[in-house]
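The next block holds one structure in the form of structure tokens; read it before the comments.
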Amino acid sequence: MSSHLLSVDSLSRDYVEHLMQLAGRMEPFAQRRKVTRVLEGAVLGNLFFEASTRTRISFHAAFSRLGGSVCDTTGFTFSSMAKGESLYDTSRVMGGYVDAVVLRHPDQGAVAEFAEATRVPVINGGDGPGEHPSQALLDLYTIEKEFARLGKRLEGAHFLLTGDLKHGRTVHSLIKLLSLFGPLRITLVSPPGLEMPRHLIDLVTSRGHRVEQRESLANDFGDLDVIYTTRIQKERFTDEMSETFAGISQDFIVDRAFLDQRCSPTTIVMHPLPRDSRPGANDLNVDLNGDPRLAIFRQADNGIPMRMAIFANLLQVEEYIERDAQDVRWFVPPTFGVDDRTL
Ligand code: NCD
């Protein structure tokens with residue numbers, strides 16, 4: 001195992017299973033019942049050159065909940081990259097200041113290039129339309145937790161991935177990660193022009209999974225276990241694409257009616273978030289809010305234990321996590337959201 005987390009390509013099934021178990025060990029800390037200080041004295045560089053809420057804050061919170069501290073920078077404006085500094089120089093400099101780096105960058109491949117100049121662990125927090133491996137890991141962790149609750153197994157499960165499958169880095173990493181397990185049935189539905197890249201479909205098919213592409217959600221899908229919806233990534237459109245895609249039809253929206261008519265009470269709905277909740281947006285409908293099948297906030301919560309697990313593994317402190325753990329002393333509400341159900 002290299003000391004970086006750049007792409008799902010470098011992960012073996014055994015390593016992924018190990019991270020899943022490790023994330024499970026992080027639950028008492030993520031749920032705020034226990035405190036650990038295993039990374040006391042360590043410093044994280046959290047560098048985000050693209051918009052982020054969940055990834056940036058949850059990496060920050062995960063490192064802090066292991067007892068470490070965090071330095072961060074957001075956007076190019078306030079970093080020396082705005083003065084023409086290269087990824088190489090920035091990386092070498094950061095390596096002298098911090099013990100691990102999380103980097104999000106608009107260019108595919110930029111995080112791997114950054115990682116070449118430093119020996120401190122680098123985590124890809126999203127490189128343009130490329131990959132987002134920690135999101136895929138927390139997505140798989142969510143699927144495993146939800147399936148355990150529902151008495152389901154990953155083998156033979158049916159996944160629907162929908163939305164902008166061309167530019168969505170979360171689905172690129174997720175489909176690769178899922179392909180290590182199974183065999184699975186994966187149905188892909190995206191507006192024309194936003195299909196999953198061919199090489200990813202070929203990879204998954206070559207590993208023995210059944211992949212089908214459909215042009216709309218107005219179909220019979222049989223038994224779906226997981227619906228994974230994604231936002232249309234308009235910011236990655238070329239000018240020409242923006243004109244063509246001005247009005248994506250309502251046929252691609254997952255809402256309560258779709259779930260009631262085409263799915264079962266045990267189908268779960270995921271989304272890496274953010275979803276576009278503005279009126280008229282072509283994204284996961286808000287009419288599912290409060291429905292226990294909507295797993296999106298449980299999924300976002302899972303970012304903490306999984307990112308704690310990634311840090312503990314890359315910084316090699318796994319064996320010390322529970323040592324000297326203490327009870328939490330501050331007020332912790334019984335659920336984190338007002339709509340949360342105890343499942
Ligand atoms: C996504 C991202 O940035 O790739 N969000 C996330 O990290 N959870 C998805 C998106 O922006 O649509």
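Labels used: A, B, ... for chains in the order of the structure tokens, numbers from 1 for residues in each chain, and numbers from 1 for ligands as shown.
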**Study point:** Protein and nucleic residues near ligand 1, 9 Å, only C-alpha atoms and all ligand atoms, as an MDAnalysis selection string
**Key:** chainID A and resid 50:56 104 125:129 131:132 134:135 164 167:171 230:233 271:276 300
Practice item. Fewer than 3 positions away in the same chain doesn't count, so skip those; otherwise give me all residues within 10 Å of Ala218 in chain A, counting only C-alpha atoms, as number ranges by chain. Key: A: 214-215, 221, 251-252, 258, 262
File dump, residues just selected, C-alpha atoms, as a compact mmCIF listing (two decimals), in the first residue's frame:
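What follows is the written file out_2.txt:
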# COMPACT_ATOMS: atom_id res chain seq x y z
CA ARG A 214 -30.81 3.08 -20.34
CA GLU A 215 -31.96 6.41 -21.69
CA PHE A 221 -35.88 -1.75 -13.45
CA ASP A 251 -37.33 12.12 -17.05
CA PHE A 252 -34.14 11.92 -15.04
CA PHE A 258 -40.54 7.01 -8.86
CA ARG A 262 -40.82 1.40 -9.34
Need the shell around Ala30 in chain A: protein/DNA/RNA residues with any atom at most 12 Å away, counting only C-alpha atoms. Skip same-chain ones fewer than 6 positions apart. Format as a short mmCIF file (atom, residue, chain, number, x, y, z; two decimals) with N, CA, C and O atoms, in the first residue's frame?
data_model
loop_
_atom_site.label_atom_id
_atom_site.label_comp_id
_atom_site.auth_asym_id
_atom_site.auth_seq_id
_atom_site.Cartn_x
_atom_site.Cartn_y
_atom_site.Cartn_z
N ALA A 23 -13.24 1.76 9.87
CA ALA A 23 -14.26 2.81 9.99
C ALA A 23 -15.27 2.41 11.08
O ALA A 23 -15.73 3.27 11.85
N GLY A 24 -15.59 1.13 11.15
CA GLY A 24 -16.50 0.65 12.21
C GLY A 24 -15.92 0.94 13.59
O GLY A 24 -16.65 1.33 14.51
N THR A 36 -10.69 10.33 21.24
CA THR A 36 -9.34 9.78 21.14
C THR A 36 -8.37 10.90 20.73
O THR A 36 -8.77 11.84 20.06
N SER A 58 -15.51 17.62 6.52
CA SER A 58 -15.44 16.30 7.17
C SER A 58 -14.01 15.81 7.28
O SER A 58 -13.65 15.15 8.26
N ALA A 61 -12.85 17.80 10.28
CA ALA A 61 -13.42 17.29 11.53
C ALA A 61 -12.83 15.92 11.88
O ALA A 61 -12.54 15.64 13.04
N ALA A 62 -12.63 15.07 10.86
CA ALA A 62 -12.10 13.72 11.12
C ALA A 62 -10.69 13.82 11.71
O ALA A 62 -10.35 13.12 12.67
N PHE A 63 -9.86 14.69 11.14
CA PHE A 63 -8.49 14.83 11.66
C PHE A 63 -8.52 15.39 13.09
O PHE A 63 -7.79 14.95 13.97
N SER A 64 -9.42 16.37 13.30
CA SER A 64 -9.55 16.97 14.64
C SER A 64 -10.04 15.95 15.65
O SER A 64 -9.59 15.93 16.80
N ARG A 65 -10.97 15.08 15.23
CA ARG A 65 -11.50 14.08 16.17
C ARG A 65 -10.48 12.99 16.50
O ARG A 65 -10.67 12.22 17.43
N LEU A 66 -9.39 12.94 15.73
CA LEU A 66 -8.29 12.04 16.08
C LEU A 66 -7.25 12.78 16.92
O LEU A 66 -6.20 12.24 17.25
N ALA A 300 -23.72 11.16 4.31
CA ALA A 300 -22.81 12.28 4.61
C ALA A 300 -22.18 12.11 5.99
O ALA A 300 -20.98 12.34 6.17
N ASP A 301 -22.99 11.66 6.98
CA ASP A 301 -22.45 11.42 8.33
C ASP A 301 -21.30 10.42 8.28
O ASP A 301 -20.33 10.52 9.04
N ASN A 302 -21.41 9.42 7.41
CA ASN A 302 -20.40 8.36 7.34
C ASN A 302 -19.05 8.86 6.84
O ASN A 302 -18.05 8.15 6.90
N GLY A 303 -19.02 10.08 6.33
CA GLY A 303 -17.74 10.68 5.93
C GLY A 303 -16.77 10.79 7.10
O GLY A 303 -15.55 10.68 6.91
N ILE A 304 -17.30 10.96 8.30
CA ILE A 304 -16.40 11.11 9.45
C ILE A 304 -15.69 9.80 9.80
O ILE A 304 -14.46 9.74 9.79
N PRO A 305 -16.43 8.70 10.12
CA PRO A 305 -15.68 7.48 10.46
C PRO A 305 -14.78 7.01 9.33
O PRO A 305 -13.67 6.53 9.58
N MET A 306 -15.23 7.12 8.06
CA MET A 306 -14.37 6.64 6.98
C MET A 306 -13.13 7.51 6.84
O MET A 306 -12.02 6.99 6.64
N ARG A 307 -13.26 8.81 6.95
CA ARG A 307 -12.05 9.66 6.80
C ARG A 307 -11.13 9.53 8.00
O ARG A 307 -9.91 9.62 7.86
N MET A 308 -11.71 9.28 9.18
CA MET A 308 -10.85 8.98 10.34
C MET A 308 -10.06 7.70 10.07
O MET A 308 -8.86 7.61 10.37
N ALA A 309 -10.74 6.70 9.49
CA ALA A 309 -10.08 5.42 9.19
C ALA A 309 -8.94 5.63 8.20
O ALA A 309 -7.85 5.06 8.36
N VAL A 328 -17.06 11.23 26.18
CA VAL A 328 -17.35 12.62 25.83
C VAL A 328 -18.04 13.30 27.01
O VAL A 328 -18.89 12.70 27.66
N VAL A 332 -24.42 16.10 23.64
CA VAL A 332 -24.57 15.53 22.30
C VAL A 332 -26.05 15.19 22.12
O VAL A 332 -26.61 14.44 22.92
N PHE A 336 -28.71 13.84 15.05
CA PHE A 336 -28.04 15.06 14.58
C PHE A 336 -28.96 15.96 13.75
O PHE A 336 -28.76 17.16 13.68
#
Review point. Out of range 34-281 of chain A, which residues get alpha helix (DSSP H) from DSSP, as a PyMOL selection string?
Key: chain A and resi 54-65+87-97+110-115+133-150+169-178+198-206+239-244+256-262
Review point. Which of these residues is nearest to Val111 in chain A, using only C-alpha atoms: A:Gly68, A:Lys145, A:Phe49, A:Leu165?
Key: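 Answer, going by the shortest atom-to-atom distance: A:Phe49.
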Point to revise | Nearest candidate to Gly109 in chain A (options A:Leu284, A:Leu87, A:Leu11, A:Ala157; using only C-alpha atoms) | key: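 Of A:Leu284, A:Leu87, A:Leu11, A:Ala157, the one nearest Gly109 in chain A is A:Leu87, counting only C-alpha atoms.
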Exercise for review: Enter the distance from CA of Leu178 in chain A to CA of Leu140 in chain A, in Å, rounded to one decimal.
Suggested key: 7.6 Å
Exercise for review: Give me every strand (DSSP E) residue in range 51-286 of chain A, going by DSSP on the backbone, as a VMD selection string.
Suggested key: chain A and resid 69 to 74 100 to 105 122 to 127 158 to 162 185 to 189 210 to 214 226 to 229 268 to 270
Keeping only C-alpha atoms, write those residues as a short mmCIF file (atom, residue, chain, number, x, y, z; two decimals), in the first residue's frame.
data_model
loop_
_atom_site.label_atom_id
_atom_site.label_comp_id
_atom_site.auth_asym_id
_atom_site.auth_seq_id
_atom_site.Cartn_x
_atom_site.Cartn_y
_atom_site.Cartn_z
CA SER A 69 -4.91 20.07 14.06
CA VAL A 70 -5.59 21.47 10.60
CA CYS A 71 -4.25 24.29 8.40
CA ASP A 72 -6.31 25.08 5.36
CA THR A 73 -6.61 27.21 2.29
CA THR A 74 -9.57 27.58 -0.06
CA ALA A 100 -0.72 14.79 5.59
CA VAL A 101 -2.39 16.70 2.78
CA VAL A 102 -5.92 16.58 1.39
CA LEU A 103 -6.07 18.27 -2.00
CA ARG A 104 -9.02 19.13 -4.23
CA HIS A 105 -8.13 20.59 -7.62
CA VAL A 122 -1.64 12.88 0.02
CA ILE A 123 -5.38 12.20 -0.30
CA ASN A 124 -7.26 13.04 -3.46
CA GLY A 125 -10.28 15.11 -2.36
CA GLY A 126 -11.48 15.29 -5.99
CA ASP A 127 -9.47 16.08 -9.13
CA HIS A 158 -28.79 -4.20 -8.21
CA PHE A 159 -27.51 -0.61 -8.44
CA LEU A 160 -28.93 2.26 -10.45
CA LEU A 161 -26.41 5.06 -11.06
CA THR A 162 -28.02 8.13 -12.55
CA ARG A 185 -26.03 -5.74 -11.60
CA ILE A 186 -25.44 -2.08 -12.48
CA THR A 187 -27.91 0.00 -14.50
CA LEU A 188 -26.74 3.38 -15.79
CA VAL A 189 -29.18 6.15 -16.73
CA ARG A 210 -23.81 -7.09 -15.63
CA VAL A 211 -23.96 -3.48 -16.85
CA GLU A 212 -26.93 -2.02 -18.73
CA GLN A 213 -27.34 1.51 -20.09
CA ARG A 214 -30.81 3.08 -20.34
CA VAL A 226 -29.53 1.16 -4.35
CA ILE A 227 -30.28 4.29 -6.37
CA TYR A 228 -27.23 6.55 -6.55
CA THR A 229 -28.18 9.96 -7.96
CA ILE A 268 -32.15 3.07 -0.55
CA VAL A 269 -31.46 6.41 -2.22
CA MET A 270 -27.98 7.90 -2.10
#
Check your understanding: Do you know which residues are at most 10 Å from Pro334 in chain A counting only C-alpha atoms, after dropping those on the same chain fewer than 5 positions away, and could you put them as a list in words?
Key ->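 What passes the distance filter is Gln31, Asp340 and Thr342 of chain A.
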Point to revise | Residue nearest His4 in chain A - candidates A:Leu314, A:Met26, A:Ala257, A:Ala117, atoms counted: only C-alpha atoms | key: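 Of all the options, A:Leu314 lies closest to His4 in chain A.
Using only C-alpha atoms, the shortest contact distance between Asp107 in chain A and any of A:Lys34, A:Arg256, A:Arg236, A:Arg25 is found at A:Arg236.
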Check your understanding: Could you pull the residues within 10 Å of Thr267 in chain A, counting only C-alpha atoms, minus those fewer than 6 positions along the same chain, as a list in words?
Key ->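 So, after excluding close chain neighbours, the residues are Glu146, Phe147, Leu150, His158, Phe159, Asp223, Leu224, Asp225, Val226, Ile227, Leu259, Pro292, Arg293, Leu294 and Ala295 of chain A.
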Could the residues in this selection be saved with C-alpha atoms as an mmCIF file, in the first residue's frame?
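After the write, result.cif holds the following:
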data_model
loop_
_atom_site.group_PDB
_atom_site.id
_atom_site.type_symbol
_atom_site.label_atom_id
_atom_site.label_comp_id
_atom_site.auth_asym_id
_atom_site.auth_seq_id
_atom_site.Cartn_x
_atom_site.Cartn_y
_atom_site.Cartn_z
ATOM 1 C CA GLU A 146 -27.646 -0.007 5.217
ATOM 2 C CA PHE A 147 -27.545 -3.559 3.826
ATOM 3 C CA LEU A 150 -31.940 -4.489 5.877
ATOM 4 C CA HIS A 158 -28.789 -4.204 -8.213
ATOM 5 C CA PHE A 159 -27.513 -0.611 -8.435
ATOM 6 C CA ASP A 223 -35.652 -4.927 -7.974
ATOM 7 C CA LEU A 224 -33.361 -2.034 -7.209
ATOM 8 C CA ASP A 225 -31.356 -2.164 -4.012
ATOM 9 C CA VAL A 226 -29.525 1.165 -4.348
ATOM 10 C CA ILE A 227 -30.284 4.285 -6.366
ATOM 11 C CA LEU A 259 -39.706 5.280 -5.621
ATOM 12 C CA PRO A 292 -36.381 6.521 5.695
ATOM 13 C CA ARG A 293 -35.311 5.220 2.256
ATOM 14 C CA LEU A 294 -33.469 8.503 1.734
ATOM 15 C CA ALA A 295 -29.986 7.657 3.026
#
Review point. Any idea what's packed within 9 Å of Phe181 in chain A, counting only C-alpha atoms, ignoring anything in its chain fewer than 2 positions away? Could you give it as a list in words?
Key: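 Counting only the stated atoms, we get Arg13, Leu154, Glu155, Leu177, Leu178, Ser179, Pro183 and Leu184 of chain A.
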Writing out the chosen residues with all heavy atoms as a PDB file, in the first residue's frame:
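Result saved to again02.pdb:
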ATOM      1  N   ARG A  13      -9.159  -5.489  -2.795  1.00  0.00           N
ATOM      2  CA  ARG A  13     -10.369  -5.813  -2.033  1.00  0.00           C
ATOM      3  C   ARG A  13     -10.057  -6.003  -0.544  1.00  0.00           C
ATOM      4  O   ARG A  13     -10.793  -5.530   0.325  1.00  0.00           O
ATOM      5  CB  ARG A  13     -11.000  -7.078  -2.638  1.00  0.00           C
ATOM      6  CG  ARG A  13     -12.241  -7.480  -1.934  1.00  0.00           C
ATOM      7  CD  ARG A  13     -12.936  -8.593  -2.652  1.00  0.00           C
ATOM      8  NE  ARG A  13     -13.959  -9.141  -1.789  1.00  0.00           N
ATOM      9  CZ  ARG A  13     -15.080  -9.699  -2.218  1.00  0.00           C
ATOM     10  NH1 ARG A  13     -15.305  -9.798  -3.502  1.00  0.00           N
ATOM     11  NH2 ARG A  13     -15.952 -10.181  -1.381  1.00  0.00           N
ATOM     12  N   LEU A 154     -24.162  -7.767  -0.479  1.00  0.00           N
ATOM     13  CA  LEU A 154     -23.671  -7.040  -1.651  1.00  0.00           C
ATOM     14  C   LEU A 154     -23.719  -7.936  -2.903  1.00  0.00           C
ATOM     15  O   LEU A 154     -24.042  -7.466  -4.002  1.00  0.00           O
ATOM     16  CB  LEU A 154     -22.234  -6.576  -1.367  1.00  0.00           C
ATOM     17  CG  LEU A 154     -21.668  -5.413  -2.161  1.00  0.00           C
ATOM     18  CD1 LEU A 154     -22.598  -4.227  -2.177  1.00  0.00           C
ATOM     19  CD2 LEU A 154     -20.311  -5.002  -1.581  1.00  0.00           C
ATOM     20  N   GLU A 155     -23.421  -9.207  -2.727  1.00  0.00           N
ATOM     21  CA  GLU A 155     -23.423 -10.138  -3.862  1.00  0.00           C
ATOM     22  C   GLU A 155     -24.798 -10.155  -4.510  1.00  0.00           C
ATOM     23  O   GLU A 155     -25.804 -10.359  -3.827  1.00  0.00           O
ATOM     24  CB  GLU A 155     -23.067 -11.571  -3.420  1.00  0.00           C
ATOM     25  CG  GLU A 155     -21.613 -11.779  -3.102  1.00  0.00           C
ATOM     26  CD  GLU A 155     -21.184 -11.076  -1.814  1.00  0.00           C
ATOM     27  OE1 GLU A 155     -22.027 -10.886  -0.905  1.00  0.00           O
ATOM     28  OE2 GLU A 155     -20.003 -10.676  -1.734  1.00  0.00           O
ATOM     29  N   LEU A 177     -14.825   0.876  -7.434  1.00  0.00           N
ATOM     30  CA  LEU A 177     -14.773   0.233  -6.121  1.00  0.00           C
ATOM     31  C   LEU A 177     -15.779  -0.922  -6.043  1.00  0.00           C
ATOM     32  O   LEU A 177     -15.451  -2.017  -5.571  1.00  0.00           O
ATOM     33  CB  LEU A 177     -15.063   1.272  -5.031  1.00  0.00           C
ATOM     34  CG  LEU A 177     -14.766   0.837  -3.605  1.00  0.00           C
ATOM     35  CD1 LEU A 177     -13.275   0.582  -3.403  1.00  0.00           C
ATOM     36  CD2 LEU A 177     -15.230   1.892  -2.606  1.00  0.00           C
ATOM     37  N   LEU A 178     -16.991  -0.692  -6.534  1.00  0.00           N
ATOM     38  CA  LEU A 178     -18.011  -1.748  -6.511  1.00  0.00           C
ATOM     39  C   LEU A 178     -17.553  -2.961  -7.304  1.00  0.00           C
ATOM     40  O   LEU A 178     -17.855  -4.097  -6.952  1.00  0.00           O
ATOM     41  CB  LEU A 178     -19.333  -1.225  -7.101  1.00  0.00           C
ATOM     42  CG  LEU A 178     -20.138  -0.241  -6.251  1.00  0.00           C
ATOM     43  CD1 LEU A 178     -21.333   0.281  -7.042  1.00  0.00           C
ATOM     44  CD2 LEU A 178     -20.607  -0.884  -4.947  1.00  0.00           C
ATOM     45  N   SER A 179     -16.789  -2.693  -8.374  1.00  0.00           N
ATOM     46  CA  SER A 179     -16.402  -3.792  -9.257  1.00  0.00           C
ATOM     47  C   SER A 179     -15.442  -4.770  -8.582  1.00  0.00           C
ATOM     48  O   SER A 179     -15.198  -5.860  -9.092  1.00  0.00           O
ATOM     49  CB  SER A 179     -15.801  -3.263 -10.560  1.00  0.00           C
ATOM     50  OG  SER A 179     -14.494  -2.801 -10.333  1.00  0.00           O
ATOM     51  N   PRO A 183     -20.596 -10.749  -7.778  1.00  0.00           N
ATOM     52  CA  PRO A 183     -21.034 -10.017  -8.977  1.00  0.00           C
ATOM     53  C   PRO A 183     -22.276  -9.150  -8.728  1.00  0.00           C
ATOM     54  O   PRO A 183     -23.133  -9.497  -7.931  1.00  0.00           O
ATOM     55  CB  PRO A 183     -21.355 -11.135  -9.971  1.00  0.00           C
ATOM     56  CG  PRO A 183     -21.684 -12.315  -9.124  1.00  0.00           C
ATOM     57  CD  PRO A 183     -20.870 -12.187  -7.881  1.00  0.00           C
ATOM     58  N   LEU A 184     -22.322  -8.033  -9.447  1.00  0.00           N
ATOM     59  CA  LEU A 184     -23.385  -7.060  -9.266  1.00  0.00           C
ATOM     60  C   LEU A 184     -24.105  -6.812 -10.576  1.00  0.00           C
ATOM     61  O   LEU A 184     -23.583  -7.106 -11.653  1.00  0.00           O
ATOM     62  CB  LEU A 184     -22.796  -5.718  -8.798  1.00  0.00           C
ATOM     63  CG  LEU A 184     -21.933  -5.737  -7.549  1.00  0.00           C
ATOM     64  CD1 LEU A 184     -21.300  -4.371  -7.352  1.00  0.00           C
ATOM     65  CD2 LEU A 184     -22.754  -6.105  -6.323  1.00  0.00           C
TER      66      LEU A 184
END
Exercise for review: Enter the distance from CA of Asp339 in chain A to CA of Leu288 in chain A, in Å, rounded to one decimal.
Suggested key: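 Between CA of Asp339 in chain A and CA of Leu288 in chain A the gap works out to 11.5 Å.
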Check your understanding: Given the choices A:Met20, A:Cys263, A:Ile321, A:Leu137, which gets closest to Ser173 in chain A if the distance is worked out from only C-alpha atoms?
Key ->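 Looking at the shortest contact to Ser173 in chain A, the residue is A:Leu137.
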